[in-house]
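Raw contents of query.cif, mmCIF, C-alpha atoms:
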data_final
#
loop_
_atom_site.label_atom_id
_atom_site.label_comp_id
_atom_site.auth_asym_id
_atom_site.auth_seq_id
_atom_site.Cartn_x
_atom_site.Cartn_y
_atom_site.Cartn_z
CA MET N 219 126.57 75.35 272.29
CA ILE N 220 129.39 73.08 271.10
CA GLY N 221 131.88 75.86 271.82
CA THR N 222 130.61 76.16 275.39
CA PHE N 223 130.71 72.39 275.83
CA LEU N 224 134.31 72.24 274.49
CA LYS N 225 135.31 75.15 276.72
CA TRP N 226 134.01 73.43 279.82
CA PHE N 227 135.42 70.10 278.72
CA ALA N 228 138.87 71.65 278.22
CA GLY N 229 138.57 73.47 281.55
CA ILE N 230 137.67 70.27 283.39
CA GLY N 231 140.49 68.39 281.66
CA LEU N 232 142.97 71.11 282.57
CA CYS N 233 141.81 71.12 286.20
CA LEU N 234 142.04 67.33 286.35
CA ILE N 235 145.62 67.49 285.07
CA LEU N 236 146.54 70.35 287.42
CA GLN N 237 144.90 68.62 290.36
CA THR N 238 146.84 65.43 289.81
CA THR N 239 150.17 66.98 288.90
CA LEU N 240 150.78 70.46 290.29
CA MET N 241 148.51 70.95 293.29
CA HIS N 242 150.82 69.16 295.68
CA VAL N 243 153.34 71.94 295.07
CA ILE N 244 151.10 74.46 296.88
CA ALA N 245 150.01 72.01 299.59
CA ILE N 246 150.01 73.35 303.14
CA ALA N 247 150.40 70.67 305.80
CA GLY N 248 149.27 68.07 303.31
CA ILE N 249 146.10 70.00 302.43
CA THR N 250 145.65 70.86 298.76
CA PRO N 251 142.89 72.97 297.21
CA ASP N 252 140.38 71.01 295.13
CA LEU N 253 140.20 72.57 291.71
CA LEU N 254 137.68 69.99 290.50
CA ILE N 255 135.06 71.02 293.03
CA LEU N 256 135.78 74.64 292.19
CA VAL N 257 135.23 74.05 288.49
CA LEU N 258 132.11 72.00 289.24
CA PHE N 259 130.80 74.85 291.39
CA LEU N 260 131.45 77.33 288.59
CA MET N 261 129.70 75.09 286.14
CA GLY N 262 126.72 74.66 288.46
CA VAL N 263 126.16 78.37 289.07
CA ARG N 264 126.68 79.20 285.41
CA ASN N 265 124.75 76.37 283.72
CA GLY N 266 122.30 74.92 286.22
CA VAL N 267 121.51 71.50 287.61
CA LEU N 268 121.46 69.23 284.56
CA PRO N 269 124.92 70.03 283.15
CA SER N 270 126.46 70.05 286.60
CA ILE N 271 125.00 66.60 287.41
CA TYR N 272 126.60 65.07 284.32
CA ALA N 273 129.79 67.10 284.71
CA GLY N 274 130.02 65.99 288.33
CA PHE N 275 129.48 62.38 287.35
CA LEU N 276 132.11 62.50 284.62
CA ILE N 277 134.64 64.36 286.78
CA GLY N 278 134.09 61.85 289.57
CA LEU N 279 134.36 58.94 287.18
CA GLY N 280 137.61 60.40 285.87
CA GLN N 281 138.92 60.65 289.42
CA ASP N 282 137.80 57.09 290.14
CA LEU N 283 139.62 55.80 287.14
CA TYR N 284 142.71 57.85 287.86
CA THR N 285 143.04 57.14 291.58
CA PRO N 286 143.03 53.62 292.99
CA ALA N 287 139.93 54.24 295.16
CA ILE N 288 136.63 52.45 295.29
CA LEU N 289 135.06 52.69 291.84
CA GLY N 290 132.02 54.95 291.91
CA GLN N 291 132.97 56.74 295.14
CA HIS N 292 134.09 59.98 293.54
CA ALA N 293 131.38 59.69 290.90
CA LEU N 294 128.63 59.52 293.53
CA ALA N 295 130.08 62.34 295.64
CA MET N 296 130.66 64.63 292.68
CA THR N 297 127.24 63.89 291.14
CA ILE N 298 125.39 64.89 294.30
CA THR N 299 127.67 67.90 294.80
CA GLY N 300 127.00 68.89 291.19
CA SER N 301 123.25 68.63 291.66
CA PHE N 302 123.54 70.75 294.82
CA VAL N 303 125.58 73.58 293.29
CA GLY N 304 123.36 73.50 290.18
CA LEU N 305 120.46 74.61 292.35
CA PHE N 306 122.10 78.02 292.68
CA HIS N 307 122.03 78.76 288.97
CA GLU N 308 122.69 82.45 288.41
CA ARG N 309 119.58 82.82 286.27
CA ILE N 310 117.38 81.63 289.11
CA ILE N 311 119.06 82.94 292.24
CA ARG N 312 121.16 86.10 292.31
CA THR N 313 123.59 85.76 295.18
CA ASP N 314 126.39 88.00 296.31
CA PRO N 315 129.97 86.72 296.44
CA ILE N 316 129.95 85.99 300.15
CA ILE N 317 126.90 83.74 299.82
CA LYS N 318 128.53 82.00 296.89
CA LEU N 319 131.56 81.26 299.02
CA VAL N 320 129.29 79.84 301.71
CA ILE N 321 127.59 77.64 299.08
CA LEU N 322 131.02 76.49 298.00
CA LEU N 323 131.90 75.62 301.59
CA VAL N 324 128.69 73.61 301.90
CA ALA N 325 129.47 71.88 298.58
CA PHE N 326 132.82 70.80 299.97
CA ILE N 327 131.22 69.43 303.11
CA ILE N 328 128.57 67.56 301.08
CA HIS N 329 131.21 66.07 298.82
CA ASP N 330 133.50 64.98 301.62
CA SER N 331 130.62 63.68 303.72
CA ILE N 332 129.38 61.42 300.92
CA PHE N 333 132.91 60.36 300.16
CA THR N 334 133.58 59.49 303.81
CA ILE N 335 130.22 57.71 304.25
CA VAL N 336 131.03 55.49 301.28
CA THR N 337 134.45 54.80 302.79
CA ILE N 338 132.85 53.91 306.12
CA VAL N 339 130.33 51.62 304.45
CA LYS N 340 132.87 49.90 302.24
CA THR N 341 135.62 49.56 304.83
CA ASP N 342 133.55 49.10 307.99
CA ALA N 343 135.28 52.05 309.60
CA GLY N 344 133.68 53.65 312.61
CA GLY N 345 131.28 56.57 312.41
CA GLY N 346 133.84 58.79 314.11
CA LEU N 347 135.74 58.88 310.86
CA LEU N 348 133.11 61.15 309.34
CA VAL N 349 133.48 63.82 312.01
CA ARG N 350 137.22 63.47 312.04
CA GLU N 351 137.45 63.75 308.25
CA ILE N 352 135.19 66.79 308.15
CA PHE N 353 137.18 68.67 310.73
CA THR N 354 140.68 67.57 309.84
CA ARG N 355 140.41 67.38 306.06
CA SER N 356 137.22 68.77 304.58
CA LEU N 357 137.11 72.12 306.32
CA PRO N 358 140.80 72.97 305.83
CA ARG N 359 140.60 71.85 302.20
CA ALA N 360 137.42 73.83 301.65
CA LEU N 361 138.89 76.94 303.29
CA TYR N 362 142.05 76.68 301.25
CA SER N 363 140.05 76.24 298.04
CA ILE N 364 137.74 79.10 298.98
CA ALA N 365 140.74 81.30 299.66
CA LEU N 366 142.04 80.43 296.21
CA ALA N 367 138.64 81.04 294.64
CA SER N 368 138.32 84.34 296.53
CA LEU N 369 141.24 85.68 294.60
CA SER N 370 139.20 85.54 291.40
CA TYR N 371 136.24 87.17 293.21
CA ILE N 372 138.46 89.91 294.56
CA TYR N 373 139.79 90.47 291.07
CA ASN N 374 136.33 90.48 289.47
CA TYR N 375 134.54 92.63 292.07
CA TYR N 376 137.26 94.99 293.29
CA VAL N 377 140.33 95.10 291.05
CA LYS N 378 138.70 94.89 287.62
CA PRO N 379 136.13 97.69 288.27
CA THR N 380 138.93 99.90 289.59
CA LEU N 381 140.97 99.26 286.49
CA HIS N 382 138.00 100.07 284.24
CA ARG N 383 137.26 103.25 286.11
CA MET G 218 106.23 53.74 277.55
CA GLN G 219 105.42 57.19 276.27
CA TRP G 220 104.43 58.49 279.66
CA ILE G 221 107.75 57.28 281.06
CA LEU G 222 109.62 59.26 278.43
CA GLN G 223 107.43 62.28 279.09
CA PHE G 224 108.08 61.94 282.80
CA ILE G 225 111.84 61.70 282.22
CA ILE G 226 111.81 64.74 279.97
CA ARG G 227 109.61 66.73 282.31
CA HIS G 228 111.69 65.81 285.34
CA ARG G 229 115.01 65.57 283.58
CA ASN G 230 117.02 66.95 286.48
CA ILE G 231 115.68 64.37 288.91
CA SER G 232 115.92 61.61 286.28
CA SER G 233 119.52 62.52 285.48
CA LEU G 234 120.42 62.62 289.13
CA PHE G 235 118.70 59.28 289.68
CA LEU G 236 120.45 57.74 286.67
CA THR G 237 123.92 58.93 287.62
CA VAL G 238 123.47 58.06 291.29
CA MET G 239 122.25 54.61 290.32
CA LEU G 240 125.22 54.15 288.05
CA SER G 241 127.56 55.22 290.83
CA LEU G 242 125.88 52.90 293.31
CA TRP G 243 126.02 50.05 290.80
CA MET G 244 129.75 50.57 290.46
CA LEU G 245 130.13 50.84 294.22
CA SER G 246 128.15 47.69 294.88
CA SER G 247 130.14 45.62 292.42
CA ASN G 248 132.72 43.21 293.79
CA PRO G 249 136.39 44.21 293.43
CA ALA G 250 136.96 41.99 290.38
CA ARG G 251 133.94 43.44 288.66
CA GLN G 252 135.05 46.97 289.62
CA GLN G 253 138.41 46.29 288.11
CA GLN G 254 136.79 45.07 284.91
CA ILE G 255 134.50 48.09 284.74
CA GLY G 256 137.44 50.40 285.46
CA ARG G 257 139.50 48.79 282.73
CA SER G 258 136.67 49.01 280.20
CA LEU G 259 135.95 52.62 281.10
CA THR G 260 139.61 53.54 280.97
CA LEU G 261 139.94 52.02 277.54
CA THR G 262 136.73 53.62 276.33
CA LEU G 263 137.18 57.06 277.86
CA PHE G 264 140.89 57.50 277.68
CA PHE G 265 141.55 55.72 274.41
CA PRO G 266 140.73 58.78 272.22
CA PHE G 267 143.06 60.94 274.33
CA GLN G 268 145.79 58.32 274.40
CA TYR G 269 145.39 57.78 270.67
CA THR G 270 145.48 61.52 270.00
CA PHE G 271 148.47 61.93 272.27
CA GLN G 272 150.26 59.05 270.58
CA LEU G 273 149.34 60.45 267.19
CA VAL G 274 150.69 63.88 268.12
CA THR G 275 153.85 62.27 269.46
CA ARG G 276 154.17 60.21 266.32
CA ILE G 277 153.64 63.25 264.11
CA ARG G 278 156.22 65.16 266.14
CA ASN G 279 158.63 62.26 265.74
CA ILE G 280 157.88 62.09 262.03
CA PHE G 281 158.54 65.83 261.69
CA ALA G 282 161.77 65.51 263.64
CA GLU G 283 162.79 62.50 261.58
CA ASN G 284 161.85 64.36 258.42
CA ARG G 285 164.05 67.29 259.42
CA ARG G 286 166.91 64.94 260.25
CA LEU G 287 166.51 63.05 256.97
CA ARG G 288 166.36 66.27 254.99
CA ALA G 289 169.58 67.45 256.59
CA GLU G 290 171.12 64.05 255.93
CA LEU G 291 169.88 64.09 252.35
CA THR G 292 171.34 67.53 251.76
CA GLU G 293 174.62 66.38 253.23
CA LEU G 294 174.65 63.21 251.14
CA ARG G 295 173.69 65.09 248.00
CA THR G 296 176.50 67.53 248.61
CA THR G 297 178.90 64.67 249.18
CA ALA G 298 177.63 62.82 246.09
CA SER G 299 177.96 65.94 243.99
CA PHE G 300 181.43 66.53 245.35
CA LEU G 301 182.40 62.90 244.66
CA ALA G 302 180.96 63.03 241.14
CA GLU G 303 182.94 66.18 240.55
CA GLN G 304 186.04 64.52 241.93
CA ALA G 305 185.46 61.46 239.72
CA ALA G 306 185.02 63.60 236.64
CA GLU G 307 188.11 65.57 237.48
CA ASN G 308 189.96 62.35 238.14
CA GLY G 309 189.02 61.11 234.67
CA ARG G 310 190.11 64.32 233.05
CA LEU G 311 193.37 64.37 234.95
CA ARG G 312 194.06 60.74 234.00
CA GLU G 313 193.61 61.65 230.35
CA MET G 314 195.86 64.65 230.78
CA LEU G 315 198.40 62.50 232.54
CA ALA G 316 198.39 60.23 229.53
CA LEU G 317 199.09 63.28 227.37
CA ARG G 318 201.91 64.34 229.67
CA ASP G 319 203.50 60.92 229.26
CA SER G 320 203.04 60.88 225.50
CA VAL G 321 204.63 64.23 224.63
CA SER G 322 208.25 65.17 224.92
CA TYR G 323 207.63 68.77 225.93
CA GLU G 324 207.50 70.11 229.41
CA LEU G 325 203.90 70.67 230.38
CA VAL G 326 202.57 73.08 232.98
CA ALA G 327 199.19 72.06 234.28
CA ALA G 328 196.73 74.88 234.85
CA ARG G 329 193.06 75.45 235.53
CA VAL G 330 190.70 77.79 233.76
CA ILE G 331 189.70 80.38 236.34
CA ALA G 332 187.82 82.83 234.12
CA ARG G 333 186.36 83.07 230.66
CA GLU G 334 185.58 85.95 228.43
CA PRO G 335 181.98 86.76 229.26
CA SER G 336 180.64 86.37 225.76
CA TYR G 337 178.75 83.71 223.86
CA LEU G 338 181.94 82.41 222.37
CA TYR G 339 184.88 82.05 224.65
CA ARG G 340 187.63 83.67 222.70
CA SER G 341 190.00 84.06 225.62
CA LEU G 342 190.52 82.29 228.90
CA VAL G 343 192.29 83.15 232.12
CA ILE G 344 194.37 80.38 233.63
CA ASN G 345 195.95 80.11 237.06
CA ALA G 346 199.54 79.94 235.86
CA GLY G 347 201.62 82.96 235.02
CA GLY G 348 205.07 84.35 235.53
CA ASN G 349 205.37 82.33 238.71
CA ARG G 350 205.39 79.14 236.59
CA ASP G 351 207.79 80.55 233.98
CA ILE G 352 205.06 80.99 231.42
CA VAL G 353 205.90 83.36 228.59
CA PRO G 354 203.76 84.75 225.77
CA ASN G 355 203.10 82.60 222.69
CA MET G 356 203.38 79.34 224.56
CA PRO G 357 200.84 76.85 223.15
CA VAL G 358 198.00 75.74 225.35
CA VAL G 359 196.64 72.23 224.87
CA THR G 360 194.51 69.54 226.42
CA HIS G 361 194.52 65.80 225.84
CA ARG G 362 191.99 66.48 223.10
CA GLY G 363 194.08 68.95 221.16
CA VAL G 364 195.10 72.56 220.72
CA VAL G 365 193.30 75.21 222.77
CA GLY G 366 195.22 78.32 221.80
CA LYS G 367 198.23 80.29 222.93
CA VAL G 368 199.23 82.48 225.82
CA ILE G 369 199.00 86.11 224.85
CA GLN G 370 199.47 87.95 228.12
CA ILE G 371 201.30 87.12 231.32
CA MET G 372 200.77 88.32 234.85
CA PRO G 373 202.53 87.16 237.99
CA TYR G 374 200.03 84.44 238.81
CA ILE G 375 197.66 84.25 235.85
CA SER G 376 197.82 84.27 232.07
CA LEU G 377 195.43 85.20 229.30
CA VAL G 378 194.99 82.55 226.61
CA GLN G 379 193.78 83.35 223.12
CA THR G 380 191.76 80.38 221.90
CA LEU G 381 191.42 79.14 218.36
CA GLN G 382 187.93 80.61 218.39
CA ASP G 383 189.32 84.13 218.21
CA PRO G 384 188.83 85.36 214.61
CA SER G 385 192.18 87.14 214.81
CA ALA G 386 194.00 83.86 215.52
CA ARG G 387 195.78 82.34 212.53
CA THR G 388 197.15 78.84 212.86
CA SER G 389 199.11 76.87 210.30
CA VAL G 390 197.56 73.41 210.00
CA MET G 391 197.63 70.41 207.71
CA THR G 392 195.75 67.22 207.14
CA SER G 393 197.63 64.32 208.63
CA ARG G 394 196.78 61.97 205.74
CA SER G 395 197.69 64.06 202.69
CA ARG G 396 199.84 66.70 204.44
CA SER G 397 197.88 69.47 202.69
CA VAL G 398 198.79 72.71 204.41
CA GLY G 399 196.50 75.64 205.07
CA ILE G 400 195.64 78.38 207.57
CA LEU G 401 192.93 77.75 210.12
CA GLU G 402 190.47 80.63 210.05
CA THR G 403 187.20 81.58 211.64
CA GLU G 404 184.96 84.55 211.12
CA ASP G 405 182.46 84.06 213.88
CA GLY G 406 184.36 81.83 216.31
CA GLY G 407 181.92 79.01 215.63
CA THR G 408 182.68 77.79 212.13
CA PHE G 409 186.25 76.91 211.24
CA SER G 410 187.69 76.56 207.79
CA ILE G 411 190.93 76.05 205.94
CA SER G 412 191.63 77.30 202.40
CA HIS G 413 193.33 74.51 200.50
CA ARG G 414 194.62 74.52 196.96
CA ARG G 415 191.94 73.26 194.61
CA HIS G 416 193.75 70.05 193.76
CA ALA G 417 194.67 69.25 197.40
CA ASP G 418 193.63 65.80 198.59
CA VAL G 419 191.27 66.55 201.46
CA ALA G 420 188.24 64.51 202.44
CA PRO G 421 185.74 64.56 205.30
CA GLY G 422 187.06 62.68 208.31
CA ASP G 423 190.66 63.71 207.76
CA THR G 424 192.51 64.65 210.90
CA VAL G 425 193.90 68.16 211.01
CA VAL G 426 197.10 68.83 212.95
CA THR G 427 199.49 71.70 213.42
CA THR G 428 202.29 72.04 210.88
CA GLY G 429 204.93 73.40 213.23
CA LEU G 430 205.31 76.39 210.97
CA GLY G 431 204.97 79.82 212.53
CA GLY G 432 207.11 79.10 215.54
CA ILE G 433 204.31 78.82 218.07
CA TYR G 434 202.69 75.38 217.89
CA PRO G 435 204.94 72.35 217.56
CA LYS G 436 204.25 70.00 214.68
CA GLY G 437 201.59 67.32 214.96
CA LEU G 438 199.26 68.71 217.65
CA LEU G 439 195.67 67.67 216.99
CA VAL G 440 193.43 70.56 215.93
CA GLY G 441 190.26 68.92 214.58
CA TYR G 442 188.57 66.85 211.92
CA VAL G 443 187.40 67.73 208.41
CA THR G 444 183.64 67.64 208.23
CA LYS G 445 182.98 69.07 204.80
CA VAL G 446 184.85 70.16 201.68
CA GLU G 447 183.29 72.99 199.70
CA GLU G 448 184.56 73.22 196.14
CA GLY G 449 182.99 76.63 195.46
CA SER G 450 183.58 78.76 192.36
CA ASP G 451 187.12 79.88 193.19
CA PRO G 452 189.43 78.38 190.52
CA LEU G 453 192.46 78.30 192.85
CA PHE G 454 191.19 77.32 196.32
CA LYS G 455 188.55 75.21 197.97
CA LYS G 456 187.21 75.59 201.47
CA THR G 457 187.55 72.82 204.02
CA ILE G 458 185.21 73.03 206.98
CA LEU G 459 186.35 71.37 210.17
CA ARG G 460 185.25 70.64 213.69
CA LEU G 461 187.72 71.43 216.44
CA SER G 462 188.69 68.52 218.65
CA VAL G 463 188.63 70.57 221.84
CA ASP G 464 185.27 71.16 223.51
CA PHE G 465 185.64 74.79 224.51
CA ASP G 466 182.38 74.74 226.45
CA HIS G 467 183.71 72.22 228.95
CA LEU G 468 187.26 73.30 229.35
CA GLU G 469 188.51 73.12 232.92
CA GLU G 470 192.05 71.80 233.07
CA LEU G 471 194.69 72.32 230.45
CA PHE G 472 198.43 72.34 229.86
CA VAL G 473 200.75 75.09 228.83
CA LEU G 474 203.45 73.66 226.59
CA LYS G 475 206.83 74.92 227.63
CA LEU G 476 208.62 75.14 224.33
CA SER G 477 211.97 73.47 224.00
CA PRO G 478 214.92 75.85 223.60
CA GLN G 479 215.06 75.60 219.79
CA TRP G 480 211.40 76.63 219.56
CA ARG G 481 211.95 79.50 221.88
CA ALA G 482 215.02 80.55 219.90
CA LEU G 483 212.98 80.40 216.71
CA THR G 484 210.31 82.55 218.34
CA ARG G 485 212.91 85.13 219.20
CA GLU G 486 214.20 85.10 215.63
CA ILE G 487 210.72 85.57 214.25
CA GLU G 488 210.14 88.43 216.64
CA SER G 489 213.44 89.98 215.62
CA LEU G 490 212.50 89.59 211.95
CA GLU G 491 209.18 91.26 212.65
CA MET G 492 210.98 94.05 214.52
CA GLY G 493 213.33 94.51 211.56
CA LYS G 494 210.34 94.73 209.25
#
Since I need it in another form, could you write the structure as structure tokens?
Amino acid sequence: MIGTFLKWFAGIGLCLILQTTLMHVIAIAGITPDLLILVLFLMGVRNGVLPSIYAGFLIGLGQDLYTPAILGQHALAMTITGSFVGLFHERIIRTDPIIKLVILLVAFIIHDSIFTIVTIVKTDAGGGLLVREIFTRSLPRALYSIALASLSYIYNYYVKPTLHR
Amino acid sequence: MQWILQFIIRHRNISSLFLTVMLSLWMLSSNPARQQQIGRSLTLTLFFPFQYTFQLVTRIRNIFAENRRLRAELTELRTTASFLAEQAAENGRLREMLALRDSVSYELVAARVIAREPSYLYRSLVINAGGNRDIVPNMPVVTHRGVVGKVIQIMPYISLVQTLQDPSARTSVMTSRSRSVGILETEDGGTFSISHRRHADVAPGDTVVTTGLGGIYPKGLLVGYVTKVEEGSDPLFKKTILRLSVDFDHLEELFVLKLSPQWRALTREIESLEMGK
């Protein structure tokens, strides 16, 4: 139990460091993959709703403290995203990889939607910002992250079985 | 109260979501100053253990690095100190030998002991002066403390010195107070004695010097001090035990006495007499 907790804690910490330090190196047109949502997704499908809610909250809080944004914005977005991905716990719902990637895409959209709504509310920006953000930032970021995550799926479902055979 | 707890436990997912969302909304709804305060408090609370650990690790790394540097420095300083102590000791010895050089009228050749006979008692020494320094056999070897022995074998750059500890060495000596003459002998290289005539005036504490007889050691070189006089049962002789003045265990620098021409001539005459015999 403690080992699992420490493993996830270390994983989240590592992703937080990578996200804030190295991800800009592989940015394409200013779009970087979001490792923190990926790790939150993994945690949700592996451990269920409750751990992913708290993990999401803590990851978001960490982001809030690290980046000079509105305090609580990341925390709220990541908490709700965590609760969403936790619904697809592997013990409850067996999904194939493609569905998982779709869930991940939806998780990205949920996260960015909440994040943008909070921005709109706090800064009195127009409602058009939401649509613009989703199409110009969320979807490209989600697709890039999914592409990155797909590599591990391809390895797990296609390369690894071939190697074992 | 109990039913609230039961509700929270039963619906822990919803409760947790509600709690965290409420917390997030509370933070969001705070004014910027309050947000800053919360952020600062959270940063200190959440990141302090990591910062502390990081600082601790850095400090430990620095301590290790400093430790390594200090160890290297310590080794270097110890080596230097040891070298300086050695130099100081050598300086003292050389000063004493310099005083000897000034006090005697013979030509002295300074030399260092470079090897000893590998036995409990050092009966012979190898010194770093040989034919290259005009050393010849039977030249006396001394230090500022007294007689060491004599050169018995010469090589181009080194010489072999027979010390007084060698049981085969026979040296004519006398007490400086009463001028009682005898032959310095040793059986084991550790205890030294002189056979004096029974009525000779010898007492513990007397200084023993060379007599100058025998053609090897010049007269008056310090050999040792009488420690005991054993009367024994012999009606003609008594045994005088003495302690040599030279510390053979700590012999490093010494002088070879280049004999003056008359001594060398006498040596040749003795040798020729022995040849004739």
Discussion item. With only C-alpha atoms considered, list every residue of chain N at most 6 Å from chain G, as a ChimeraX atom specification.
Written reply: /N:268,289-290,293-294
Print the selection's residues with C-alpha atoms to a file, as an mmCIF file, in the coordinates of the input.
data_model
loop_
_atom_site.group_PDB
_atom_site.id
_atom_site.type_symbol
_atom_site.label_atom_id
_atom_site.label_comp_id
_atom_site.auth_asym_id
_atom_site.auth_seq_id
_atom_site.Cartn_x
_atom_site.Cartn_y
_atom_site.Cartn_z
ATOM 1 C CA LEU N 268 121.460 69.230 284.560
ATOM 2 C CA LEU N 289 135.060 52.690 291.840
ATOM 3 C CA GLY N 290 132.020 54.950 291.910
ATOM 4 C CA ALA N 293 131.380 59.690 290.900
ATOM 5 C CA LEU N 294 128.630 59.520 293.530
#
Practice prompt. Determine the residue membership of the PyMOL selection byres ((chain N and resi 366) around 12) for the file above and supply it as JSON, numbers by chain.
Written response: {"N": [241, 244, 250, 251, 252, 253, 256, 319, 322, 359, 360, 361, 362, 363, 364, 365, 367, 368, 369, 370, 371, 372, 373]}
Worksheet item: Suppose you want the space between CA of Gly363 in chain G and CA of Gly348 in chain G; what is it in Å?
Response: 23.8 Å
Pull the closest atom pair for each residue of range 312-390 of chain G that gets at most 12 Å from range 469-473 of chain G, along with the distance in Å to one decimal, counting only C-alpha atoms, ordering rows by chain and then ascending residue number, as JSON lines.
{"residue": "G:Arg312", "atom": "CA", "partner": "G:Glu470", "partner_atom": "CA", "distance": 11.3}
{"residue": "G:Glu313", "atom": "CA", "partner": "G:Glu470", "partner_atom": "CA", "distance": 10.6}
{"residue": "G:Met314", "atom": "CA", "partner": "G:Leu471", "partner_atom": "CA", "distance": 7.8}
{"residue": "G:Leu315", "atom": "CA", "partner": "G:Phe472", "partner_atom": "CA", "distance": 10.2}
{"residue": "G:Leu317", "atom": "CA", "partner": "G:Phe472", "partner_atom": "CA", "distance": 9.4}
{"residue": "G:Arg318", "atom": "CA", "partner": "G:Phe472", "partner_atom": "CA", "distance": 8.7}
{"residue": "G:Val321", "atom": "CA", "partner": "G:Phe472", "partner_atom": "CA", "distance": 11.5}
{"residue": "G:Tyr323", "atom": "CA", "partner": "G:Val473", "partner_atom": "CA", "distance": 9.8}
{"residue": "G:Glu324", "atom": "CA", "partner": "G:Val473", "partner_atom": "CA", "distance": 8.4}
{"residue": "G:Leu325", "atom": "CA", "partner": "G:Val473", "partner_atom": "CA", "distance": 5.6}
{"residue": "G:Val326", "atom": "CA", "partner": "G:Val473", "partner_atom": "CA", "distance": 5.0}
{"residue": "G:Ala327", "atom": "CA", "partner": "G:Phe472", "partner_atom": "CA", "distance": 4.5}
{"residue": "G:Ala328", "atom": "CA", "partner": "G:Leu471", "partner_atom": "CA", "distance": 5.5}
{"residue": "G:Arg329", "atom": "CA", "partner": "G:Glu470", "partner_atom": "CA", "distance": 4.5}
{"residue": "G:Val330", "atom": "CA", "partner": "G:Glu469", "partner_atom": "CA", "distance": 5.2}
{"residue": "G:Ile331", "atom": "CA", "partner": "G:Glu469", "partner_atom": "CA", "distance": 8.1}
{"residue": "G:Ala332", "atom": "CA", "partner": "G:Glu469", "partner_atom": "CA", "distance": 9.8}
{"residue": "G:Arg333", "atom": "CA", "partner": "G:Glu469", "partner_atom": "CA", "distance": 10.4}
{"residue": "G:Leu342", "atom": "CA", "partner": "G:Glu469", "partner_atom": "CA", "distance": 10.2}
{"residue": "G:Val343", "atom": "CA", "partner": "G:Glu469", "partner_atom": "CA", "distance": 10.7}
{"residue": "G:Ile344", "atom": "CA", "partner": "G:Leu471", "partner_atom": "CA", "distance": 8.7}
{"residue": "G:Asn345", "atom": "CA", "partner": "G:Glu470", "partner_atom": "CA", "distance": 10.0}
{"residue": "G:Ala346", "atom": "CA", "partner": "G:Val473", "partner_atom": "CA", "distance": 8.6}
{"residue": "G:Gly347", "atom": "CA", "partner": "G:Val473", "partner_atom": "CA", "distance": 10.1}
{"residue": "G:Arg350", "atom": "CA", "partner": "G:Val473", "partner_atom": "CA", "distance": 9.9}
{"residue": "G:Asp351", "atom": "CA", "partner": "G:Val473", "partner_atom": "CA", "distance": 10.3}
{"residue": "G:Ile352", "atom": "CA", "partner": "G:Val473", "partner_atom": "CA", "distance": 7.8}
{"residue": "G:Val353", "atom": "CA", "partner": "G:Val473", "partner_atom": "CA", "distance": 9.7}
{"residue": "G:Pro354", "atom": "CA", "partner": "G:Val473", "partner_atom": "CA", "distance": 10.6}
{"residue": "G:Asn355", "atom": "CA", "partner": "G:Val473", "partner_atom": "CA", "distance": 10.0}
{"residue": "G:Met356", "atom": "CA", "partner": "G:Val473", "partner_atom": "CA", "distance": 6.6}
{"residue": "G:Pro357", "atom": "CA", "partner": "G:Val473", "partner_atom": "CA", "distance": 5.9}
{"residue": "G:Val358", "atom": "CA", "partner": "G:Val473", "partner_atom": "CA", "distance": 4.5}
{"residue": "G:Val359", "atom": "CA", "partner": "G:Phe472", "partner_atom": "CA", "distance": 5.3}
{"residue": "G:Thr360", "atom": "CA", "partner": "G:Leu471", "partner_atom": "CA", "distance": 4.9}
{"residue": "G:His361", "atom": "CA", "partner": "G:Leu471", "partner_atom": "CA", "distance": 8.0}
{"residue": "G:Arg362", "atom": "CA", "partner": "G:Leu471", "partner_atom": "CA", "distance": 9.8}
{"residue": "G:Gly363", "atom": "CA", "partner": "G:Leu471", "partner_atom": "CA", "distance": 9.9}
{"residue": "G:Val364", "atom": "CA", "partner": "G:Phe472", "partner_atom": "CA", "distance": 9.7}
{"residue": "G:Val365", "atom": "CA", "partner": "G:Leu471", "partner_atom": "CA", "distance": 8.3}
{"residue": "G:Gly366", "atom": "CA", "partner": "G:Val473", "partner_atom": "CA", "distance": 9.5}
{"residue": "G:Lys367", "atom": "CA", "partner": "G:Val473", "partner_atom": "CA", "distance": 8.3}
{"residue": "G:Val368", "atom": "CA", "partner": "G:Val473", "partner_atom": "CA", "distance": 8.1}
{"residue": "G:Ile369", "atom": "CA", "partner": "G:Val473", "partner_atom": "CA", "distance": 11.8}
{"residue": "G:Ile375", "atom": "CA", "partner": "G:Val473", "partner_atom": "CA", "distance": 11.9}
{"residue": "G:Ser376", "atom": "CA", "partner": "G:Val473", "partner_atom": "CA", "distance": 10.2}
{"residue": "G:Leu377", "atom": "CA", "partner": "G:Val473", "partner_atom": "CA", "distance": 11.4}
{"residue": "G:Val378", "atom": "CA", "partner": "G:Val473", "partner_atom": "CA", "distance": 9.7}
Practice prompt. Quick one: everything within 12 Å of Ile311 in chain N, counting only C-alpha atoms, minus sequence neighbours fewer than 6 positions away in the same chain. Send it as a list in words.
Written response: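 Here the qualifying residues turn out to be Gly262, Val263, Arg264, Gly266, Val303, Gly304, Leu305, Ile317 and Lys318 of chain N.
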Discussion item. Once the PyMOL selection byres ((chain N and resi 328-332) around 9) is applied to the coordinates I shared, what remains selected? I want it as a PyMOL selection string.
Written reply: chain N and resi 255+291-292+294-299+302+323-327+333-337+348-349+351-352+355-356
Discussion item. One decimal, in Å: what's the spacing between CA of Thr457 in chain G and CA of Thr444 in chain G?
Written reply: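 Going from CA of Thr457 in chain G over to CA of Thr444 in chain G covers 7.7 Å.
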